[in-house]
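Dropping work21.txt in here (compact mmCIF, C-alpha atoms and all ligand atoms):
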```txt
# COMPACT_ATOMS: atom_id res chain seq x y z
CA MET A 1 -13.24 -20.37 3.00
CA VAL A 2 -10.38 -17.93 2.74
CA ALA A 3 -8.86 -17.11 -0.64
CA ILE A 4 -5.20 -16.17 -0.91
CA ALA A 5 -4.98 -14.38 -4.24
CA CYS A 6 -2.26 -12.67 -6.23
CA PHE A 7 -3.09 -9.20 -7.38
CA SER A 8 -5.12 -8.92 -10.60
CA PRO A 9 -7.93 -6.70 -11.92
CA GLU A 10 -10.45 -9.36 -10.82
CA VAL A 11 -9.02 -9.48 -7.30
CA LEU A 12 -9.07 -5.69 -7.13
CA HIS A 13 -12.72 -5.77 -8.10
CA GLN A 14 -13.48 -8.47 -5.53
CA ALA A 15 -11.67 -6.52 -2.80
CA CYS A 16 -13.63 -3.35 -3.58
CA ALA A 17 -16.90 -5.31 -3.49
CA LEU A 18 -15.99 -6.75 -0.07
CA LEU A 19 -15.09 -3.29 1.27
CA THR A 20 -18.31 -1.78 -0.09
CA ALA A 21 -20.28 -4.51 1.67
CA GLY A 22 -18.59 -3.58 4.97
CA GLY A 23 -16.17 -6.49 4.96
CA VAL A 24 -12.46 -6.73 5.72
CA VAL A 25 -9.60 -7.61 3.36
CA ALA A 26 -6.02 -8.50 4.27
CA ILE A 27 -3.63 -6.46 2.14
CA PRO A 28 0.13 -6.11 1.77
CA THR A 29 1.82 -2.84 2.70
CA GLU A 30 5.57 -2.17 2.65
CA THR A 31 5.71 -2.52 6.46
CA VAL A 32 3.44 -5.42 7.50
CA TYR A 33 0.19 -6.85 6.13
CA GLY A 34 -2.88 -4.85 7.13
CA LEU A 35 -6.46 -5.88 7.89
CA ALA A 36 -8.32 -3.23 5.92
CA ALA A 37 -11.88 -1.92 6.14
CA ASP A 38 -13.69 1.18 4.87
CA ALA A 39 -12.59 3.90 7.31
CA THR A 40 -15.89 5.78 6.88
CA ASN A 41 -18.01 2.80 7.92
CA ASP A 42 -18.34 2.25 11.69
CA LYS A 43 -19.65 -1.28 11.31
CA ALA A 44 -16.83 -2.26 8.99
CA VAL A 45 -14.30 -0.81 11.43
CA ALA A 46 -15.96 -2.74 14.27
CA LYS A 47 -15.43 -5.89 12.23
CA ILE A 48 -11.66 -5.29 12.31
CA TYR A 49 -11.68 -5.47 16.11
CA ALA A 50 -13.89 -8.56 16.04
CA VAL A 51 -11.69 -10.39 13.53
CA LYS A 52 -8.49 -9.49 15.41
CA GLN A 53 -10.11 -10.35 18.76
CA ARG A 54 -8.82 -7.07 20.11
CA PRO A 55 -9.99 -6.65 23.68
CA GLU A 56 -10.18 -2.86 23.39
CA PHE A 57 -10.86 -0.26 20.75
CA ASN A 58 -7.38 1.07 20.02
CA PRO A 59 -7.39 3.90 17.52
CA LEU A 60 -6.36 2.67 14.07
CA ILE A 61 -4.16 4.07 11.33
CA ILE A 62 -6.02 5.54 8.34
CA HIS A 63 -4.46 4.72 4.95
CA CYS A 64 -4.81 7.15 2.03
CA HIS A 65 -3.39 7.06 -1.51
CA SER A 66 -2.00 10.60 -1.47
CA ALA A 67 -1.28 13.55 0.78
CA GLN A 68 -4.00 15.39 -1.11
CA GLN A 69 -6.54 12.78 -0.05
CA ALA A 70 -5.22 12.82 3.54
CA LYS A 71 -5.77 16.58 3.73
CA GLN A 72 -9.51 16.02 3.41
CA TYR A 73 -9.47 14.39 6.84
CA VAL A 74 -6.73 16.05 8.90
CA GLU A 75 -5.25 19.51 9.35
CA PHE A 76 -1.74 19.70 7.94
CA ASP A 77 0.92 22.07 9.23
CA SER A 78 4.34 22.99 7.83
CA ARG A 79 6.05 20.08 9.60
CA ALA A 80 3.58 17.61 8.13
CA GLU A 81 4.08 19.16 4.69
CA LYS A 82 7.86 18.80 4.90
CA LEU A 83 7.74 15.24 6.19
CA ALA A 84 5.11 14.20 3.64
CA ASP A 85 7.21 15.64 0.80
CA ILE A 86 10.17 13.52 1.78
CA PHE A 87 8.73 10.31 3.26
CA TRP A 88 5.28 9.75 1.73
CA PRO A 89 4.38 7.29 0.38
CA GLY A 90 6.26 5.30 2.99
CA PRO A 91 6.46 3.87 6.50
CA ILE A 92 5.64 6.96 8.58
CA THR A 93 2.31 7.83 10.22
CA PHE A 94 1.34 11.35 11.32
CA VAL A 95 -0.97 12.03 14.23
CA LEU A 96 -2.76 15.28 13.32
CA LYS A 97 -5.90 17.19 14.31
CA ARG A 98 -8.98 15.65 12.79
CA ARG A 99 -10.88 18.07 10.56
CA SER A 100 -14.26 18.86 12.02
CA ASP A 101 -15.94 17.91 8.73
CA SER A 102 -14.09 14.58 8.51
CA PRO A 103 -16.51 11.77 7.62
CA LEU A 104 -14.21 9.09 9.04
CA SER A 105 -15.56 6.62 11.57
CA LEU A 106 -15.15 7.87 15.13
CA LEU A 107 -14.60 4.29 16.20
CA ALA A 108 -11.49 4.19 13.99
CA SER A 109 -9.98 6.97 16.10
CA SER A 110 -11.53 5.85 19.42
CA GLY A 111 -13.45 9.09 19.58
CA LEU A 112 -10.24 11.17 19.73
CA ASP A 113 -10.10 14.56 18.01
CA THR A 114 -6.86 13.47 16.36
CA LEU A 115 -6.21 10.93 13.59
CA ALA A 116 -3.26 8.73 12.72
CA ILE A 117 -2.80 8.77 8.95
CA ARG A 118 -0.30 7.41 6.41
CA ILE A 119 0.24 6.77 2.70
CA PRO A 120 1.49 3.20 2.15
CA ALA A 121 4.09 2.74 -0.59
CA HIS A 122 3.18 -0.82 -1.57
CA PRO A 123 1.77 -0.87 -5.12
CA VAL A 124 -1.09 -3.22 -4.14
CA ALA A 125 -2.17 -1.02 -1.22
CA GLN A 126 -1.87 2.05 -3.47
CA ALA A 127 -3.95 0.49 -6.25
CA LEU A 128 -6.66 -0.68 -3.86
CA ILE A 129 -7.05 2.64 -2.03
CA LYS A 130 -7.17 4.49 -5.37
CA ALA A 131 -9.71 2.09 -6.84
CA TYR A 132 -11.87 2.16 -3.70
CA SER A 133 -11.49 5.97 -3.49
CA LYS A 134 -12.21 6.02 0.24
CA PRO A 135 -9.50 5.67 2.93
CA LEU A 136 -8.96 2.35 4.66
CA ALA A 137 -8.47 1.75 8.38
CA ALA A 138 -5.91 -1.01 8.80
CA PRO A 139 -4.08 -2.44 11.80
CA SER A 140 -1.73 -5.36 11.30
CA ALA A 141 -3.52 -8.46 9.96
CA ASN A 142 -3.02 -10.80 12.91
CA LEU A 143 -4.84 -11.81 16.07
CA SER A 144 -4.34 -9.38 18.94
CA GLN A 145 -1.07 -9.93 20.85
CA THR A 146 0.44 -12.14 18.18
CA ILE A 147 3.26 -11.23 15.87
CA SER A 148 2.65 -8.91 12.91
CA PRO A 149 2.51 -10.71 9.54
CA THR A 150 5.07 -10.01 6.83
CA SER A 151 3.71 -12.46 4.25
CA ALA A 152 0.32 -13.74 3.08
CA ILE A 153 1.11 -17.13 4.66
CA ASP A 154 1.67 -15.40 8.03
CA VAL A 155 -1.75 -13.74 7.74
CA HIS A 156 -3.35 -17.07 6.97
CA ALA A 157 -1.58 -18.78 9.87
CA SER A 158 -2.92 -16.15 12.28
CA LEU A 159 -6.40 -15.33 10.94
CA GLY A 160 -7.27 -18.44 8.91
CA ASN A 161 -10.92 -18.43 7.92
CA ARG A 162 -11.65 -15.26 9.89
CA VAL A 163 -10.99 -13.34 6.65
CA SER A 164 -12.37 -14.25 3.24
CA LEU A 165 -9.68 -12.58 1.10
CA ILE A 166 -5.93 -12.22 1.60
CA ILE A 167 -4.13 -10.41 -1.22
CA ASP A 168 -0.63 -11.81 -1.65
CA GLY A 169 1.98 -9.13 -2.32
CA GLY A 170 5.05 -11.14 -1.32
CA GLN A 171 7.31 -10.69 1.70
CA THR A 172 7.07 -7.10 2.98
CA ARG A 173 10.07 -4.87 2.30
CA VAL A 174 10.37 -2.92 5.58
CA GLY A 175 9.20 -5.65 7.98
CA VAL A 176 8.31 -3.49 11.01
CA GLU A 177 5.34 -1.15 11.38
CA SER A 178 5.44 2.52 10.44
CA THR A 179 7.02 5.16 12.66
CA ILE A 180 4.26 7.15 14.42
CA ILE A 181 4.96 10.84 14.98
CA ASP A 182 2.61 13.05 16.97
CA LEU A 183 2.40 16.48 15.29
CA THR A 184 -0.47 17.85 17.36
CA GLU A 185 1.74 19.68 19.87
CA GLU A 186 4.42 22.33 19.54
CA ASN A 187 7.10 19.70 20.08
CA PRO A 188 6.78 16.76 17.73
CA LYS A 189 7.05 13.40 19.44
CA ILE A 190 7.75 9.88 18.22
CA LEU A 191 5.03 7.66 19.70
CA ARG A 192 6.27 4.48 18.06
CA PRO A 193 9.65 3.90 16.43
CA GLY A 194 9.29 2.19 13.05
CA GLY A 195 10.29 2.02 9.42
CA ILE A 196 11.66 5.59 9.17
CA ALA A 197 14.55 6.24 11.54
CA VAL A 198 14.34 9.11 14.03
CA GLU A 199 17.61 10.52 12.68
CA GLN A 200 16.06 10.84 9.22
CA ILE A 201 13.08 12.71 10.66
CA GLN A 202 15.34 15.04 12.65
CA SER A 203 17.28 15.90 9.52
CA ILE A 204 14.06 17.34 8.08
CA ILE A 205 12.28 19.06 11.00
CA GLY A 206 14.96 19.33 13.69
CA SER A 207 14.89 17.78 17.12
CA VAL A 208 12.04 15.47 18.02
CA GLU A 209 11.28 13.86 21.33
CA VAL A 210 11.15 10.10 21.50
CA GLU A 211 8.63 8.56 23.85
CA LYS A 212 10.89 6.55 26.15
CA GLY A 213 10.40 3.35 28.06
CA SER A 214 7.46 1.03 28.09
CA ARG A 215 4.80 3.40 29.38
CA ILE A 216 1.65 3.40 27.32
CA LYS A 217 1.42 6.78 25.59
CA ALA A 218 -0.22 6.26 22.27
CA PRO A 219 -3.65 5.23 23.48
CA GLY A 220 -4.02 1.51 23.23
CA MET A 221 -0.34 0.93 22.70
CA MET A 222 0.02 -2.11 24.85
CA VAL A 223 3.41 -2.92 26.30
CA ARG A 224 2.99 -6.56 25.54
CA HIS A 225 2.47 -6.47 21.82
CA TYR A 226 3.65 -9.92 21.02
CA ALA A 227 5.17 -12.47 23.35
CA PRO A 228 6.38 -15.82 22.03
CA SER A 229 5.32 -18.92 23.94
CA VAL A 230 8.86 -19.37 25.27
CA PRO A 231 10.91 -16.92 27.42
CA MET A 232 13.01 -14.32 25.64
CA ARG A 233 16.26 -12.73 26.82
CA LEU A 234 17.69 -9.64 25.15
CA ASN A 235 21.24 -8.23 24.81
CA VAL A 236 22.76 -11.68 25.18
CA ALA A 237 26.38 -12.29 24.19
CA THR A 238 26.36 -16.07 24.63
CA PRO A 239 23.20 -18.19 24.74
CA GLU A 240 22.61 -20.79 27.45
CA ASN A 241 22.21 -24.47 26.73
CA GLY A 242 18.81 -25.18 25.19
CA GLU A 243 18.20 -21.62 24.05
CA LEU A 244 17.89 -20.70 20.40
CA PHE A 245 20.13 -17.77 19.57
CA LEU A 246 19.09 -14.90 17.33
CA GLY A 247 22.28 -13.27 16.13
CA PHE A 248 23.02 -9.88 14.63
CA GLY A 249 26.15 -9.20 12.63
CA HIS A 250 28.93 -11.60 11.87
CA MET A 251 28.53 -14.35 14.47
CA GLU A 252 27.99 -18.07 14.74
CA SER A 253 24.22 -18.66 14.87
CA GLU A 254 21.65 -20.60 12.92
CA TYR A 255 19.33 -17.60 13.02
CA ASN A 256 20.69 -14.18 12.18
CA LEU A 257 18.87 -10.87 11.67
CA SER A 258 21.62 -9.59 9.39
CA LEU A 259 25.04 -11.16 8.95
CA SER A 260 26.44 -7.87 7.67
CA GLY A 261 24.98 -5.95 10.64
CA ASN A 262 22.59 -3.98 8.44
CA LEU A 263 19.69 -2.63 10.54
CA GLU A 264 17.29 -2.31 7.60
CA GLU A 265 17.82 -5.93 6.69
CA ALA A 266 17.40 -6.86 10.36
CA ALA A 267 14.05 -5.04 10.57
CA ALA A 268 12.83 -6.83 7.47
CA ASN A 269 13.76 -10.21 8.97
CA LEU A 270 12.66 -9.58 12.57
CA PHE A 271 9.06 -10.82 12.67
CA ARG A 272 9.68 -13.72 10.31
CA LEU A 273 12.55 -15.04 12.44
CA MET A 274 10.72 -14.55 15.75
CA ARG A 275 7.85 -16.57 14.32
CA LEU A 276 10.22 -19.28 13.09
CA MET A 277 12.03 -19.52 16.43
CA ASP A 278 8.91 -19.67 18.61
CA GLN A 279 9.08 -23.44 18.99
CA PRO A 280 7.44 -25.20 21.91
CA GLY A 281 9.91 -27.38 23.80
CA ILE A 282 12.90 -25.07 23.60
CA LYS A 283 14.16 -23.36 26.75
CA GLY A 284 13.91 -19.90 25.29
CA ILE A 285 15.13 -17.40 22.73
CA ALA A 286 18.27 -15.35 23.37
CA VAL A 287 18.86 -12.28 21.24
CA ALA A 288 22.19 -10.60 20.50
CA PRO A 289 22.55 -6.87 21.27
CA ILE A 290 21.09 -4.61 18.59
CA PRO A 291 22.55 -1.11 18.24
CA GLN A 292 20.23 1.64 19.46
CA HIS A 293 20.31 3.91 16.40
CA GLY A 294 18.54 4.09 13.05
CA LEU A 295 16.02 1.26 12.67
CA GLY A 296 17.62 -0.33 15.75
CA LEU A 297 15.17 1.76 17.82
CA ALA A 298 12.16 0.07 16.22
CA ILE A 299 13.79 -3.37 16.44
CA ASN A 300 14.65 -2.97 20.14
CA ASP A 301 11.15 -1.62 20.83
CA ARG A 302 9.49 -4.69 19.28
CA LEU A 303 11.95 -7.05 21.00
CA THR A 304 11.33 -5.44 24.38
CA ARG A 305 7.59 -5.80 23.90
CA ALA A 306 8.02 -9.43 22.88
CA ALA A 307 10.16 -10.13 25.95
CA THR A 308 7.78 -8.43 28.38
CA ARG A 309 5.49 -10.72 30.31
CA GLU A 310 2.66 -9.14 32.18
CA GLY A 311 0.53 -10.80 34.82
O1 LIG B 401 2.89 -0.09 9.45
C1 LIG B 401 1.83 0.17 9.99
O2 LIG B 401 1.59 1.25 10.55
C2 LIG B 401 0.73 -0.92 9.94
C3 LIG B 401 0.38 -1.15 8.48
C4 LIG B 401 -0.74 -2.16 8.32
O3 LIG B 401 0.06 0.04 7.84
N1 LIG B 401 -0.43 -0.49 10.67
C5 LIG B 401 -0.46 -0.45 12.01
O4 LIG B 401 -1.68 -0.01 12.45
O5 LIG B 401 0.44 -0.76 12.75
P1 LIG B 401 -2.21 -0.13 13.92
O6 LIG B 401 -3.66 0.27 13.79
O7 LIG B 401 -1.92 -1.44 14.52
O8 LIG B 401 -1.43 0.97 14.69
C6 LIG B 401 -2.15 1.78 15.50
C7 LIG B 401 -1.23 2.54 16.38
C8 LIG B 401 -1.60 2.24 17.79
O9 LIG B 401 -0.44 2.07 18.58
C9 LIG B 401 -2.37 3.46 18.19
O10 LIG B 401 -2.28 3.66 19.54
C10 LIG B 401 -1.74 4.56 17.36
O11 LIG B 401 -1.43 3.92 16.14
N2 LIG B 401 -2.72 5.61 17.07
C11 LIG B 401 -3.76 5.56 16.23
N3 LIG B 401 -4.47 6.68 16.27
C12 LIG B 401 -3.86 7.48 17.15
C13 LIG B 401 -4.11 8.81 17.64
N4 LIG B 401 -5.14 9.53 17.23
N5 LIG B 401 -3.26 9.30 18.56
C14 LIG B 401 -2.20 8.58 18.98
N6 LIG B 401 -1.91 7.34 18.57
C15 LIG B 401 -2.73 6.79 17.67
MG MG B 402 -0.32 -4.79 15.42
```
Using structure tokens, write down the structure from this file.
Amino acid sequence: MVAIACFSPEVLHQACALLTAGGVVAIPTETVYGLAADATNDKAVAKIYAVKQRPEFNPLIIHCHSAQQAKQYVEFDSRAEKLADIFWPGPITFVLKRRSDSPLSLLASSGLDTLAIRIPAHPVAQALIKAYSKPLAAPSANLSQTISPTSAIDVHASLGNRVSLIIDGGQTRVGVESTIIDLTEENPKILRPGGIAVEQIQSIIGSVEVEKGSRIKAPGMMVRHYAPSVPMRLNVATPENGELFLGFGHMESEYNLSLSGNLEEAAANLFRLMRLMDQPGIKGIAVAPIPQHGLGLAINDRLTRAATREG
């Protein structure tokens, strides 16, 4: 049986016991809910893939409670220092060189000599990582190729009894996954747009390249991340008969990402509304144009993935 539990000292204790025993726990972060396991335990990390039914071993993001803790596992440079000062804890993940003495599971990083690492801002994630004292590997807490969960109920709907503990931390604030920036080369590169806008990053470290198009660059970053059961059309001004319309900005539509045209609000609503609108029997989902700046990059990236059907 799965328990959905609000955060308390007892639940914290229970979560730590599960992690110590090599189990997985679904936890809230400020972006999406994560399926967490001890990042130093290969078997526990393997359990993440099994629970998610991931067909391949994508490298996972390692979650620490502080930059100081992160520095035990990866080699920081001046760009990482600057970005960490401004954005950590928060929705940005750095890909950095793995320290040769890092005790983290090689499975968690698919055997790469780099690691993706971030400090989540959610108080529950913070408290758990501090209490456990070891970093946690955590992809989104949903079955592979389904939509990322932004509430405990979403996690339960996707994973059901495949997890024994879901910690309820409410609806997530950011709503899309963290921005991933590769800092292993001379030119920093955004591998995945996310909760911190590219413009914000550029204001700190200057120009950064953004990985364009739908080619798979971050290893394991599948084009088709989530596809609803019905067809999706993007950049639509007027929906066709039988389509549900997902609006943005002031427009007539039952579903709207943000009536005021606020991209942060739209990101926070994106996964919840896509889930709500994925109704069998409808002709499809049409989505209004979303501006391609700020968090619009992350929103358009997730929409494009959702609309992509591969053979
Ligand atoms: O917001 C988030 O980042 C959420 C929450 C739960 O923290 N986590 C998340 O984790 O999205 P995950 O494991 O699903 O994201 C892994 C992504 C993959 O696209 C993977 O390819 C990339 O991070 N990644 C991991 N390690 C990498 C590495 N060493 N080099 C390049 N990309 C890497
Ligand atoms: Mg995911």
Quiz item: For ligand LIG 401 (chain B), which residue among A:Ile119, A:Ala84, A:Ile205, A:Leu257 is the nearest when counting only C-alpha atoms and all ligand atoms?
Solution: A:Ile119
Practice problem: Could you please give me, as an NGL selection string, the residues of protein, DNA or RNA lying at most 12 Å from (13.6, 7.2, 12.8) in the coordinate frame of the file, considering only C-alpha atoms? | Solution: :A and (83 or 87 or 91-93 or 177-181 or 189-204 or 207-210 or 263-264 or 292-299)
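One distance worth recording is that between atom CA of A:Gly206 and atom CA of A:His122, which is 27.9 Å.
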Quiz prompt | Interatomic distance, atom CA of A:Ala237 to atom CA of A:Tyr255 (Å, one decimal) | solution = 14.2 Å
Exercise. Could you tell me which of A:Tyr73, A:Tyr33, A:Phe7, A:Phe94 comes closest to ligand MG 402 (chain B) if we count all atoms listed in the file?
Key: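 When distances to ligand MG 402 (chain B) are compared using all atoms listed in the file, the smallest one comes from A:Tyr33.
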Exercise. With all atoms listed in the file counted, collect every polymer residue having an atom within 7 Å of ligand MG 402 (chain B); state the result as a ChimeraX atom specification.
Key: /A:139-140,148
With 8 Å as the cut-off and all atoms listed in the file counted, what is the closest atom pair between each nearby residue of chain A and ligand LIG 401 (chain B)? Distances in Å to one decimal, ordered by chain and number, as CSV.
```
residue,atom,partner,partner_atom,distance
A:Pro28,CA,B:LIG401,C4,7.7
A:Thr29,CA,B:LIG401,O3,6.1
A:Glu30,CA,B:LIG401,O1,7.6
A:Thr31,CA,B:LIG401,O1,4.8
A:Val32,CA,B:LIG401,C3,5.3
A:Tyr33,CA,B:LIG401,C4,5.3
A:Gly34,CA,B:LIG401,C4,3.6
A:Leu35,CA,B:LIG401,C4,6.8
A:Asn58,CA,B:LIG401,O10,5.7
A:Pro59,CA,B:LIG401,C11,4.2
A:Leu60,CA,B:LIG401,O6,3.6
A:Ile61,CA,B:LIG401,O6,4.6
A:Ile62,CA,B:LIG401,O6,7.9
A:His63,CA,B:LIG401,O3,7.1
A:Pro91,CA,B:LIG401,O1,6.1
A:Ile92,CA,B:LIG401,O2,7.3
A:Thr93,CA,B:LIG401,O2,6.6
A:Val95,CA,B:LIG401,N5,5.6
A:Leu96,CA,B:LIG401,N4,7.3
A:Ala108,CA,B:LIG401,N3,7.8
A:Ser109,CA,B:LIG401,N3,5.5
A:Ser110,CA,B:LIG401,N4,7.7
A:Leu112,CA,B:LIG401,N4,5.9
A:Asp113,CA,B:LIG401,N4,7.1
A:Thr114,CA,B:LIG401,N4,4.4
A:Leu115,CA,B:LIG401,N4,4.0
A:Ala116,CA,B:LIG401,N3,4.3
A:Ile117,CA,B:LIG401,N3,7.8
A:Arg118,CA,B:LIG401,O3,7.5
A:Pro120,CA,B:LIG401,O3,6.7
A:Ala137,CA,B:LIG401,O6,7.4
A:Ala138,CA,B:LIG401,C4,5.3
A:Pro139,CA,B:LIG401,O6,3.4
A:Ser140,CA,B:LIG401,C4,4.5
A:Ala141,CA,B:LIG401,C4,7.1
A:Val176,CA,B:LIG401,O1,6.6
A:Glu177,CA,B:LIG401,O1,3.3
A:Ser178,CA,B:LIG401,O1,3.8
A:Thr179,CA,B:LIG401,O2,7.0
A:Ile180,CA,B:LIG401,O11,6.8
A:Asp182,CA,B:LIG401,C14,6.9
A:Leu191,CA,B:LIG401,N6,7.0
A:Arg192,CA,B:LIG401,O9,7.1
A:Gly194,CA,B:LIG401,O1,7.7
A:Gly195,CA,B:LIG401,O1,7.7
A:Lys217,CA,B:LIG401,O10,7.7
A:Ala218,CA,B:LIG401,N6,4.2
A:Pro219,CA,B:LIG401,O10,4.5
A:Gly220,CA,B:LIG401,O10,4.6
A:Met221,CA,B:LIG401,O9,4.3
A:Met222,CA,B:LIG401,O9,7.5
```
Practice problem: Figure out the distance between atom CA of A:Ser8 and atom CA of A:Lys134, please, to one decimal in Å. | Solution: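 One can read the atom CA of A:Lys134 to atom CA of A:Ser8 distance as 19.8 Å.
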Exercise. May I have the residues within 10 Å of A:Asp38 as a list of chain:residue names, using all atoms listed in the file and disregarding those fewer than 6 positions away in the same chain?
Key: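 These residues fall inside the cut-off: A:Cys16, A:Leu18, A:Leu19, A:Thr20, A:Ala21, A:Gly22, A:Gly23, A:Val24, A:Val25, A:Ala44, A:Val45, A:Ile62, A:His63, A:Leu104, A:Ser105, A:Ala108, A:Ile129, A:Tyr132, A:Ser133, A:Lys134, A:Pro135, A:Leu136, A:Ala137, A:Ala138.
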Quiz item: Which one is closest to A:Thr146: A:Thr304, A:Ser100, A:Gln53, A:Gln126? Count only C-alpha atoms.
Solution: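 Nearest to A:Thr146: A:Gln53.
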Would you place a box with edges along x, y and z of the file around all atoms of stretch 85-93 of chain A listed there, add 4 Å to each of its six sides, and report the centre and edge lengths in Å to one decimal, as lines of an AutoDock Vina configuration file?
```
center_x = 6.2
center_y = 9.8
center_z = 5.3
size_x = 15.9
size_y = 19.8
size_z = 17.8
```
Quiz item: Which polymer residues have any atom within 9 Å of an atom of A:Asn269, counting only C-alpha atoms, with same-chain residues fewer than 4 positions away left out, as a PyMOL selection string?
Solution: chain A and resi 150+174-176+256-258+264-265+273-274
Write a file of the just-selected residues containing C-alpha atoms, as a PDB file, in the coordinates of the input.
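Below is the file that was written, result-v9.pdb:
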```pdb
ATOM      1  CA  THR A 150       5.070 -10.010   6.830  1.00  0.00           C
ATOM      2  CA  VAL A 174      10.370  -2.920   5.580  1.00  0.00           C
ATOM      3  CA  GLY A 175       9.200  -5.650   7.980  1.00  0.00           C
ATOM      4  CA  VAL A 176       8.310  -3.490  11.010  1.00  0.00           C
ATOM      5  CA  ASN A 256      20.690 -14.180  12.180  1.00  0.00           C
ATOM      6  CA  LEU A 257      18.870 -10.870  11.670  1.00  0.00           C
ATOM      7  CA  SER A 258      21.620  -9.590   9.390  1.00  0.00           C
ATOM      8  CA  GLU A 264      17.290  -2.310   7.600  1.00  0.00           C
ATOM      9  CA  GLU A 265      17.820  -5.930   6.690  1.00  0.00           C
ATOM     10  CA  LEU A 273      12.550 -15.040  12.440  1.00  0.00           C
ATOM     11  CA  MET A 274      10.720 -14.550  15.750  1.00  0.00           C
TER      12      MET A 274
END
```
